[in-house]
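my_file23.cif (mmCIF, C-alpha atoms, pLDDT in the B column; chains and numbers go by the auth columns)
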data_data
loop_
_atom_site.group_PDB
_atom_site.id
_atom_site.type_symbol
_atom_site.label_atom_id
_atom_site.label_comp_id
_atom_site.label_asym_id
_atom_site.label_seq_id
_atom_site.Cartn_x
_atom_site.Cartn_y
_atom_site.Cartn_z
_atom_site.B_iso_or_equiv
_atom_site.auth_seq_id
_atom_site.auth_asym_id
ATOM 1 C CA MET A 1 16.894 26.667 1.065 97.00 1 A
ATOM 2 C CA LYS A 2 13.236 26.302 0.153 97.00 2 A
ATOM 3 C CA ILE A 3 11.173 23.133 -0.047 98.00 3 A
ATOM 4 C CA TYR A 4 7.967 23.115 -2.054 98.00 4 A
ATOM 5 C CA PHE A 5 5.890 20.315 -0.554 98.00 5 A
ATOM 6 C CA ILE A 6 3.150 19.342 -3.000 97.00 6 A
ATOM 7 C CA ARG A 7 0.165 17.171 -2.176 97.00 7 A
ATOM 8 C CA HIS A 8 -0.849 14.607 -4.794 97.00 8 A
ATOM 9 C CA GLY A 9 -3.921 15.024 -6.988 97.00 9 A
ATOM 10 C CA GLU A 10 -7.249 13.406 -6.208 97.00 10 A
ATOM 11 C CA SER A 11 -6.886 9.635 -5.866 97.00 11 A
ATOM 12 C CA GLU A 12 -9.449 6.915 -6.421 97.00 12 A
ATOM 13 C CA TYR A 13 -9.665 6.419 -2.651 96.00 13 A
ATOM 14 C CA ASN A 14 -10.101 10.160 -2.015 95.00 14 A
ATOM 15 C CA LEU A 15 -13.074 10.092 -4.341 95.00 15 A
ATOM 16 C CA ALA A 16 -14.542 6.924 -2.849 94.00 16 A
ATOM 17 C CA GLN A 17 -14.069 8.089 0.778 94.00 17 A
ATOM 18 C CA ARG A 18 -11.712 5.218 1.581 96.00 18 A
ATOM 19 C CA HIS A 19 -8.630 5.202 3.776 95.00 19 A
ATOM 20 C CA SER A 20 -5.580 5.530 1.534 95.00 20 A
ATOM 21 C CA GLY A 21 -2.718 5.127 3.987 95.00 21 A
ATOM 22 C CA TRP A 22 0.134 3.275 2.307 97.00 22 A
ATOM 23 C CA ALA A 23 -2.084 1.667 -0.360 95.00 23 A
ATOM 24 C CA GLN A 24 -0.869 1.943 -3.947 97.00 24 A
ATOM 25 C CA VAL A 25 -3.770 3.940 -5.354 96.00 25 A
ATOM 26 C CA GLU A 26 -4.044 5.596 -8.775 97.00 26 A
ATOM 27 C CA LEU A 27 -5.087 9.174 -9.487 98.00 27 A
ATOM 28 C CA THR A 28 -8.573 9.808 -10.844 97.00 28 A
ATOM 29 C CA GLU A 29 -8.984 11.711 -14.126 97.00 29 A
ATOM 30 C CA GLN A 30 -9.675 14.791 -11.989 96.00 30 A
ATOM 31 C CA GLY A 31 -6.480 14.097 -10.039 96.00 31 A
ATOM 32 C CA LYS A 32 -4.478 13.894 -13.250 97.00 32 A
ATOM 33 C CA ALA A 33 -5.939 17.206 -14.425 96.00 33 A
ATOM 34 C CA GLN A 34 -5.087 18.784 -11.046 95.00 34 A
ATOM 35 C CA ALA A 35 -1.483 17.594 -11.343 96.00 35 A
ATOM 36 C CA GLU A 36 -1.193 18.873 -14.900 95.00 36 A
ATOM 37 C CA SER A 37 -2.537 22.260 -13.815 94.00 37 A
ATOM 38 C CA LEU A 38 0.564 22.714 -11.621 95.00 38 A
ATOM 39 C CA ARG A 39 2.920 22.646 -14.624 93.00 39 A
ATOM 40 C CA THR A 40 2.949 26.357 -15.414 91.00 40 A
ATOM 41 C CA TYR A 41 3.560 27.348 -11.793 93.00 41 A
ATOM 42 C CA LEU A 42 6.248 24.740 -11.132 95.00 42 A
ATOM 43 C CA SER A 43 8.016 25.269 -14.475 93.00 43 A
ATOM 44 C CA LYS A 44 9.015 28.770 -13.324 93.00 44 A
ATOM 45 C CA ILE A 45 10.891 27.415 -10.282 96.00 45 A
ATOM 46 C CA PRO A 46 14.522 26.302 -10.765 95.00 46 A
ATOM 47 C CA PHE A 47 14.436 23.113 -8.684 97.00 47 A
ATOM 48 C CA ASP A 48 17.815 21.508 -8.108 95.00 48 A
ATOM 49 C CA LYS A 49 16.392 18.408 -6.418 98.00 49 A
ATOM 50 C CA LEU A 50 13.094 16.510 -6.610 98.00 50 A
ATOM 51 C CA TYR A 51 11.827 14.004 -4.055 98.00 51 A
ATOM 52 C CA VAL A 52 8.626 11.980 -4.142 98.00 52 A
ATOM 53 C CA SER A 53 6.823 9.573 -1.853 98.00 53 A
ATOM 54 C CA ASP A 54 7.092 6.007 -3.123 98.00 54 A
ATOM 55 C CA LEU A 55 3.289 5.734 -3.252 98.00 55 A
ATOM 56 C CA LYS A 56 1.784 5.663 -6.749 98.00 56 A
ATOM 57 C CA ARG A 57 -0.521 8.691 -6.419 98.00 57 A
ATOM 58 C CA ALA A 58 2.417 10.953 -5.489 98.00 58 A
ATOM 59 C CA ILE A 59 4.645 9.514 -8.235 98.00 59 A
ATOM 60 C CA GLN A 60 1.933 10.061 -10.857 97.00 60 A
ATOM 61 C CA THR A 61 1.459 13.633 -9.633 98.00 61 A
ATOM 62 C CA SER A 62 5.182 14.395 -9.873 98.00 62 A
ATOM 63 C CA GLN A 63 5.387 12.987 -13.411 97.00 63 A
ATOM 64 C CA LEU A 64 2.373 14.969 -14.613 97.00 64 A
ATOM 65 C CA ALA A 65 3.325 18.211 -12.855 97.00 65 A
ATOM 66 C CA ILE A 66 6.980 18.122 -13.927 97.00 66 A
ATOM 67 C CA PRO A 67 7.154 16.027 -17.125 95.00 67 A
ATOM 68 C CA GLY A 68 10.432 14.193 -17.583 91.00 68 A
ATOM 69 C CA SER A 69 11.305 14.646 -13.928 84.00 69 A
ATOM 70 C CA ASN A 70 13.488 12.058 -12.273 86.00 70 A
ATOM 71 C CA ALA A 71 12.416 12.473 -8.671 95.00 71 A
ATOM 72 C CA GLU A 72 14.110 10.419 -5.964 97.00 72 A
ATOM 73 C CA GLN A 73 11.569 8.152 -4.294 98.00 73 A
ATOM 74 C CA THR A 74 11.577 7.944 -0.510 98.00 74 A
ATOM 75 C CA PRO A 75 9.245 6.264 2.003 98.00 75 A
ATOM 76 C CA LEU A 76 9.925 9.173 4.384 98.00 76 A
ATOM 77 C CA LEU A 77 7.359 11.222 2.407 98.00 77 A
ATOM 78 C CA ARG A 78 4.556 8.649 2.721 98.00 78 A
ATOM 79 C CA GLU A 79 1.121 9.407 4.106 97.00 79 A
ATOM 80 C CA TYR A 80 0.089 8.256 7.576 93.00 80 A
ATOM 81 C CA SER A 81 -0.105 4.488 7.692 97.00 81 A
ATOM 82 C CA THR A 82 -3.666 3.551 8.607 97.00 82 A
ATOM 83 C CA GLY A 83 -2.697 -0.115 8.826 97.00 83 A
ATOM 84 C CA LYS A 84 -5.514 -2.571 8.174 97.00 84 A
ATOM 85 C CA LEU A 85 -7.965 0.289 7.569 97.00 85 A
ATOM 86 C CA ALA A 86 -6.338 1.059 4.183 96.00 86 A
ATOM 87 C CA GLY A 87 -8.765 0.475 1.338 96.00 87 A
ATOM 88 C CA ASN A 88 -11.827 0.430 3.583 97.00 88 A
ATOM 89 C CA LEU A 89 -14.653 2.946 3.386 97.00 89 A
ATOM 90 C CA PHE A 90 -14.796 5.451 6.252 96.00 90 A
ATOM 91 C CA SER A 91 -18.426 4.503 6.830 96.00 91 A
ATOM 92 C CA GLU A 92 -17.608 0.775 6.982 96.00 92 A
ATOM 93 C CA CYS A 93 -14.806 1.380 9.488 97.00 93 A
ATOM 94 C CA ALA A 94 -17.123 3.456 11.695 96.00 94 A
ATOM 95 C CA GLU A 95 -19.701 0.692 11.681 96.00 95 A
ATOM 96 C CA ARG A 96 -17.224 -2.138 12.221 96.00 96 A
ATOM 97 C CA TYR A 97 -14.945 -0.575 14.864 97.00 97 A
ATOM 98 C CA GLY A 98 -17.220 1.971 16.575 96.00 98 A
ATOM 99 C CA GLU A 99 -15.593 4.031 19.344 97.00 99 A
ATOM 100 C CA ALA A 100 -12.088 2.671 18.704 97.00 100 A
ATOM 101 C CA TYR A 101 -12.271 3.987 15.146 96.00 101 A
ATOM 102 C CA LYS A 102 -13.781 7.297 16.229 95.00 102 A
ATOM 103 C CA ARG A 103 -10.941 7.734 18.733 95.00 103 A
ATOM 104 C CA ALA A 104 -8.314 6.858 16.100 95.00 104 A
ATOM 105 C CA ARG A 105 -9.706 9.443 13.698 92.00 105 A
ATOM 106 C CA ALA A 106 -9.865 12.120 16.402 91.00 106 A
ATOM 107 C CA THR A 107 -6.323 11.526 17.685 92.00 107 A
ATOM 108 C CA LEU A 108 -4.746 10.326 14.414 93.00 108 A
ATOM 109 C CA ASP A 109 -3.453 7.325 16.363 95.00 109 A
ATOM 110 C CA TYR A 110 -3.884 4.352 14.057 97.00 110 A
ATOM 111 C CA THR A 111 -1.630 2.023 16.089 97.00 111 A
ATOM 112 C CA PRO A 112 -4.657 -0.020 17.296 97.00 112 A
ATOM 113 C CA PHE A 113 -5.115 -0.883 13.596 98.00 113 A
ATOM 114 C CA ASP A 114 -1.396 -1.594 12.970 97.00 114 A
ATOM 115 C CA GLY A 115 -0.817 1.901 11.581 97.00 115 A
ATOM 116 C CA GLU A 116 1.053 5.003 12.735 97.00 116 A
ATOM 117 C CA ASN A 117 0.478 7.651 15.373 96.00 117 A
ATOM 118 C CA PRO A 118 1.475 11.355 15.302 95.00 118 A
ATOM 119 C CA ASP A 119 4.871 10.691 16.921 95.00 119 A
ATOM 120 C CA MET A 120 5.766 8.166 14.223 97.00 120 A
ATOM 121 C CA ILE A 121 4.927 10.392 11.254 96.00 121 A
ATOM 122 C CA GLU A 122 6.563 13.365 12.980 96.00 122 A
ATOM 123 C CA LYS A 123 9.760 11.331 13.309 97.00 123 A
ATOM 124 C CA ARG A 124 9.697 10.708 9.528 97.00 124 A
ATOM 125 C CA ALA A 125 9.017 14.392 8.823 97.00 125 A
ATOM 126 C CA ARG A 126 11.908 15.521 11.020 97.00 126 A
ATOM 127 C CA GLU A 127 14.192 12.928 9.443 98.00 127 A
ATOM 128 C CA PHE A 128 13.345 14.278 5.990 98.00 128 A
ATOM 129 C CA LEU A 129 13.873 17.915 7.059 98.00 129 A
ATOM 130 C CA ASP A 130 17.206 17.051 8.719 97.00 130 A
ATOM 131 C CA MET A 131 18.306 15.107 5.644 97.00 131 A
ATOM 132 C CA VAL A 132 17.707 17.984 3.228 97.00 132 A
ATOM 133 C CA ALA A 133 19.063 20.608 5.638 97.00 133 A
ATOM 134 C CA ALA A 134 22.395 18.771 5.469 97.00 134 A
ATOM 135 C CA THR A 135 22.572 19.172 1.668 97.00 135 A
ATOM 136 C CA ASP A 136 23.645 22.076 -0.527 96.00 136 A
ATOM 137 C CA TYR A 137 20.367 22.156 -2.471 97.00 137 A
ATOM 138 C CA GLN A 138 18.682 25.536 -2.628 97.00 138 A
ATOM 139 C CA THR A 139 15.275 24.738 -4.115 98.00 139 A
ATOM 140 C CA ILE A 140 13.564 21.389 -3.628 98.00 140 A
ATOM 141 C CA ALA A 141 10.223 19.905 -4.673 98.00 141 A
ATOM 142 C CA ALA A 142 8.793 17.117 -2.499 98.00 142 A
ATOM 143 C CA PHE A 143 5.609 15.376 -3.666 98.00 143 A
ATOM 144 C CA SER A 144 3.752 13.912 -0.721 98.00 144 A
ATOM 145 C CA HIS A 145 0.408 13.608 1.094 97.00 145 A
ATOM 146 C CA ALA A 146 -1.987 15.660 3.235 94.00 146 A
ATOM 147 C CA GLY A 147 -1.056 14.090 6.569 94.00 147 A
ATOM 148 C CA PHE A 148 2.649 14.483 5.905 96.00 148 A
ATOM 149 C CA LEU A 149 2.312 18.118 4.804 96.00 149 A
ATOM 150 C CA ARG A 150 0.264 18.938 7.895 93.00 150 A
ATOM 151 C CA THR A 151 2.909 17.224 10.050 95.00 151 A
ATOM 152 C CA VAL A 152 5.728 19.220 8.431 96.00 152 A
ATOM 153 C CA ALA A 153 3.842 22.456 9.097 94.00 153 A
ATOM 154 C CA GLY A 154 3.399 21.364 12.703 93.00 154 A
ATOM 155 C CA CYS A 155 7.121 20.616 13.065 94.00 155 A
ATOM 156 C CA VAL A 156 8.021 24.031 11.676 93.00 156 A
ATOM 157 C CA LEU A 157 5.455 25.872 13.831 91.00 157 A
ATOM 158 C CA GLY A 158 6.181 23.828 16.959 87.00 158 A
ATOM 159 C CA MET A 159 2.636 22.476 17.394 83.00 159 A
ATOM 160 C CA ARG A 160 0.404 19.596 16.381 80.00 160 A
ATOM 161 C CA LEU A 161 -2.121 20.598 13.747 78.00 161 A
ATOM 162 C CA SER A 162 -5.519 18.952 13.646 72.00 162 A
ATOM 163 C CA PRO A 163 -6.926 17.934 10.244 68.00 163 A
ATOM 164 C CA MET A 164 -10.143 19.602 11.391 63.00 164 A
ATOM 165 C CA LYS A 165 -8.326 22.934 11.681 71.00 165 A
ATOM 166 C CA ILE A 166 -6.433 22.986 8.410 76.00 166 A
ATOM 167 C CA ARG A 167 -7.604 22.227 4.882 74.00 167 A
ATOM 168 C CA SER A 168 -5.275 20.311 2.585 82.00 168 A
ATOM 169 C CA ALA A 169 -6.681 20.483 -0.930 91.00 169 A
ATOM 170 C CA ASN A 170 -5.376 18.101 -3.569 95.00 170 A
ATOM 171 C CA CYS A 171 -2.265 19.570 -5.250 95.00 171 A
ATOM 172 C CA MET A 172 -1.894 22.299 -2.636 95.00 172 A
ATOM 173 C CA VAL A 173 1.630 23.649 -2.200 96.00 173 A
ATOM 174 C CA GLU A 174 3.248 24.236 1.190 96.00 174 A
ATOM 175 C CA ILE A 175 6.544 26.131 1.112 97.00 175 A
ATOM 176 C CA VAL A 176 8.989 25.953 4.006 97.00 176 A
ATOM 177 C CA GLU A 177 12.282 27.807 4.184 97.00 177 A
ATOM 178 C CA TYR A 178 15.507 27.019 6.055 96.00 178 A
ATOM 179 C CA VAL A 179 17.148 30.207 7.324 94.00 179 A
ATOM 180 C CA ASP A 180 19.954 30.482 9.886 92.00 180 A
ATOM 181 C CA GLY A 181 19.466 26.913 11.065 92.00 181 A
ATOM 182 C CA GLN A 182 15.703 27.253 11.507 94.00 182 A
ATOM 183 C CA TRP A 183 12.749 26.082 9.451 96.00 183 A
ATOM 184 C CA ARG A 184 9.864 28.468 8.917 95.00 184 A
ATOM 185 C CA LEU A 185 6.572 28.281 7.070 94.00 185 A
ATOM 186 C CA ASP A 186 6.732 30.569 4.060 94.00 186 A
ATOM 187 C CA SER A 187 3.382 29.967 2.320 91.00 187 A
ATOM 188 C CA TRP A 188 0.416 27.645 2.029 89.00 188 A
ATOM 189 C CA ILE A 189 -1.022 27.891 -1.474 89.00 189 A
ATOM 190 C CA ASN A 190 -4.403 26.623 -2.619 82.00 190 A
ATOM 191 C CA PRO A 191 -4.044 25.104 -6.107 75.00 191 A
ATOM 192 C CA ALA A 192 -7.054 27.101 -7.309 69.00 192 A
ATOM 193 C CA GLU A 193 -4.982 30.249 -6.760 73.00 193 A
ATOM 194 C CA LEU A 194 -2.244 28.941 -9.061 70.00 194 A
ATOM 195 C CA THR A 195 -4.505 28.707 -12.106 61.00 195 A
ATOM 196 C CA ARG A 196 -5.908 32.229 -11.926 56.00 196 A
#
Go ahead and express the file in the form of structure tokens.
Amino acid sequence: MKIYFIRHGESEYNLAQRHSGWAQVELTEQGKAQAESLRTYLSKIPFDKLYVSDLKRAIQTSQLAIPGSNAEQTPLLREYSTGKLAGNLFSECAERYGEAYKRARATLDYTPFDGENPDMIEKRAREFLDMVAATDYQTIAAFSHAGFLRTVAGCVLGMRLSPMKIRSANCMVEIVEYVDGQWRLDSWINPAELTR
């Protein structure tokens, strides 16, 4: 079994440097173009199941990248919840919350702001991996978010990955494979490489 985890295209909040979290944010025109640019690559893969986060930017990406797709929506694939920070500019949060915000960003623990911490998103990631491992699907697409993709990679590699150590471009593709009862990281593909 292989899962192709695909990050959404650029969203309005990505562009504006705002916390997205669980906010229902639209793709920008650039984000739509990024999603459309995945079509040729993804059309060559015989997916037998499609999943998508229930957040608008991931749904739009799935519909543009695989036209006519009927992906199953699931909240398991959502981005980190940043709680009450969602929709706020990074710079405004830094000014308003000072050290507490700096600490949250460094540790990815947004529970002081009614959001999630690494253990909570890891639990969702493991639940998703366990769910699909119990199916007979061979090739799956899962449209999601940067924080979730990084968490999945961490689960597979057995370590926590810092956002400062790994770049998650919009519409990047992370492929994980389930072999002999074990997940392994197969590839991490920059979307720019797909259009060459």
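Note that the spacing between atom CA of A:Gly31 and atom CA of A:Ser11 amounts to 6.1 Å.
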Run through the PyMOL selection byres ((chain A and resi 140) around 8) on the given coordinates and return the selected residues as a PyMOL selection string.
-> chain A and resi 1-4+47-51+137-139+141-142
Do a neighbour search on A:Ala125 at 12 Å with all atoms listed in the file, toss out local chain neighbours closer than 2 positions, and write the hits as a PyMOL selection string.
-> chain A and resi 5+53+74-80+118-123+127-132+142+144-145+147-156
Can you list what the PyMOL selection byres ((chain A and resi 175) around 9) grabs from this structure, as a CSV table (one decimal) with C-alpha atoms, keeping the file's coordinate frame?
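Just written: out.csv:
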chain,number,residue,atom,x,y,z
A,2,LYS,CA,13.2,26.3,0.2
A,3,ILE,CA,11.2,23.1,0.0
A,4,TYR,CA,8.0,23.1,-2.1
A,5,PHE,CA,5.9,20.3,-0.6
A,6,ILE,CA,3.2,19.3,-3.0
A,173,VAL,CA,1.6,23.6,-2.2
A,174,GLU,CA,3.2,24.2,1.2
A,176,VAL,CA,9.0,26.0,4.0
A,177,GLU,CA,12.3,27.8,4.2
A,184,ARG,CA,9.9,28.5,8.9
A,185,LEU,CA,6.6,28.3,7.1
A,186,ASP,CA,6.7,30.6,4.1
A,187,SER,CA,3.4,30.0,2.3
A,188,TRP,CA,0.4,27.6,2.0
A,189,ILE,CA,-1.0,27.9,-1.5
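The interatomic distance for the pair atom CA of A:Leu15 and atom CA of A:Ala146 works out to 14.5 Å.
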Choose the residue, out of A:Val52, A:Ser81, A:Phe113, A:Leu64, that has the smallest atom-to-atom separation from A:Ala100; count only C-alpha atoms.
-> A:Phe113
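The closest residue to A:Gly115, picked from A:Thr61, A:Thr82, A:Gln24, A:Ser69 and counting all atoms listed in the file, is A:Thr82.
When all atoms listed in the file are used to measure the gap to A:Gln63, the shortest distance among A:Ala133, A:Ala35, A:Leu85, A:Ala169 belongs to A:Ala35.
Here the question is which of A:Asp54, A:Glu95, A:Thr111, A:Gly87 gets nearest to A:His8 using all atoms listed in the file, and that residue is A:Asp54.
Atom to atom, atom CA of A:Trp22 and atom CA of A:Asn117 stand 13.8 Å apart.
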Spell out the residues picked by the PyMOL selection byres ((chain A and resi 162) around 9) here, as a PDB file with C-alpha atoms, keeping the file's coordinate frame.
ATOM      1  CA  ALA A 106      -9.865  12.120  16.402  1.00 91.00           C
ATOM      2  CA  THR A 107      -6.323  11.526  17.685  1.00 92.00           C
ATOM      3  CA  LEU A 108      -4.746  10.326  14.414  1.00 93.00           C
ATOM      4  CA  ARG A 150       0.264  18.938   7.895  1.00 93.00           C
ATOM      5  CA  ARG A 160       0.404  19.596  16.381  1.00 80.00           C
ATOM      6  CA  LEU A 161      -2.121  20.598  13.747  1.00 78.00           C
ATOM      7  CA  PRO A 163      -6.926  17.934  10.244  1.00 68.00           C
ATOM      8  CA  MET A 164     -10.143  19.602  11.391  1.00 63.00           C
ATOM      9  CA  LYS A 165      -8.326  22.934  11.681  1.00 71.00           C
ATOM     10  CA  ILE A 166      -6.433  22.986   8.410  1.00 76.00           C
TER      11      ILE A 166
END
A:Ala16, A:Leu38, A:Arg105, A:Thr135 ranked by distance to A:Met172, top pick (using only C-alpha atoms) = A:Leu38
Emit as lines of an AutoDock Vina configuration file the padded axis-aligned box for all listed atoms of stretch 117-123 of chain A, 4 Å per side, with centre and edge lengths in Å to one decimal.
center_x = 5.1
center_y = 10.5
center_z = 14.1
size_x = 17.3
size_y = 13.7
size_z = 13.7
Neighbour list for A:Pro112 as a PyMOL selection string, cut-off 9 Å, only C-alpha atoms, skip fewer than 4 positions in-chain = chain A and resi 83+100-101+104+116
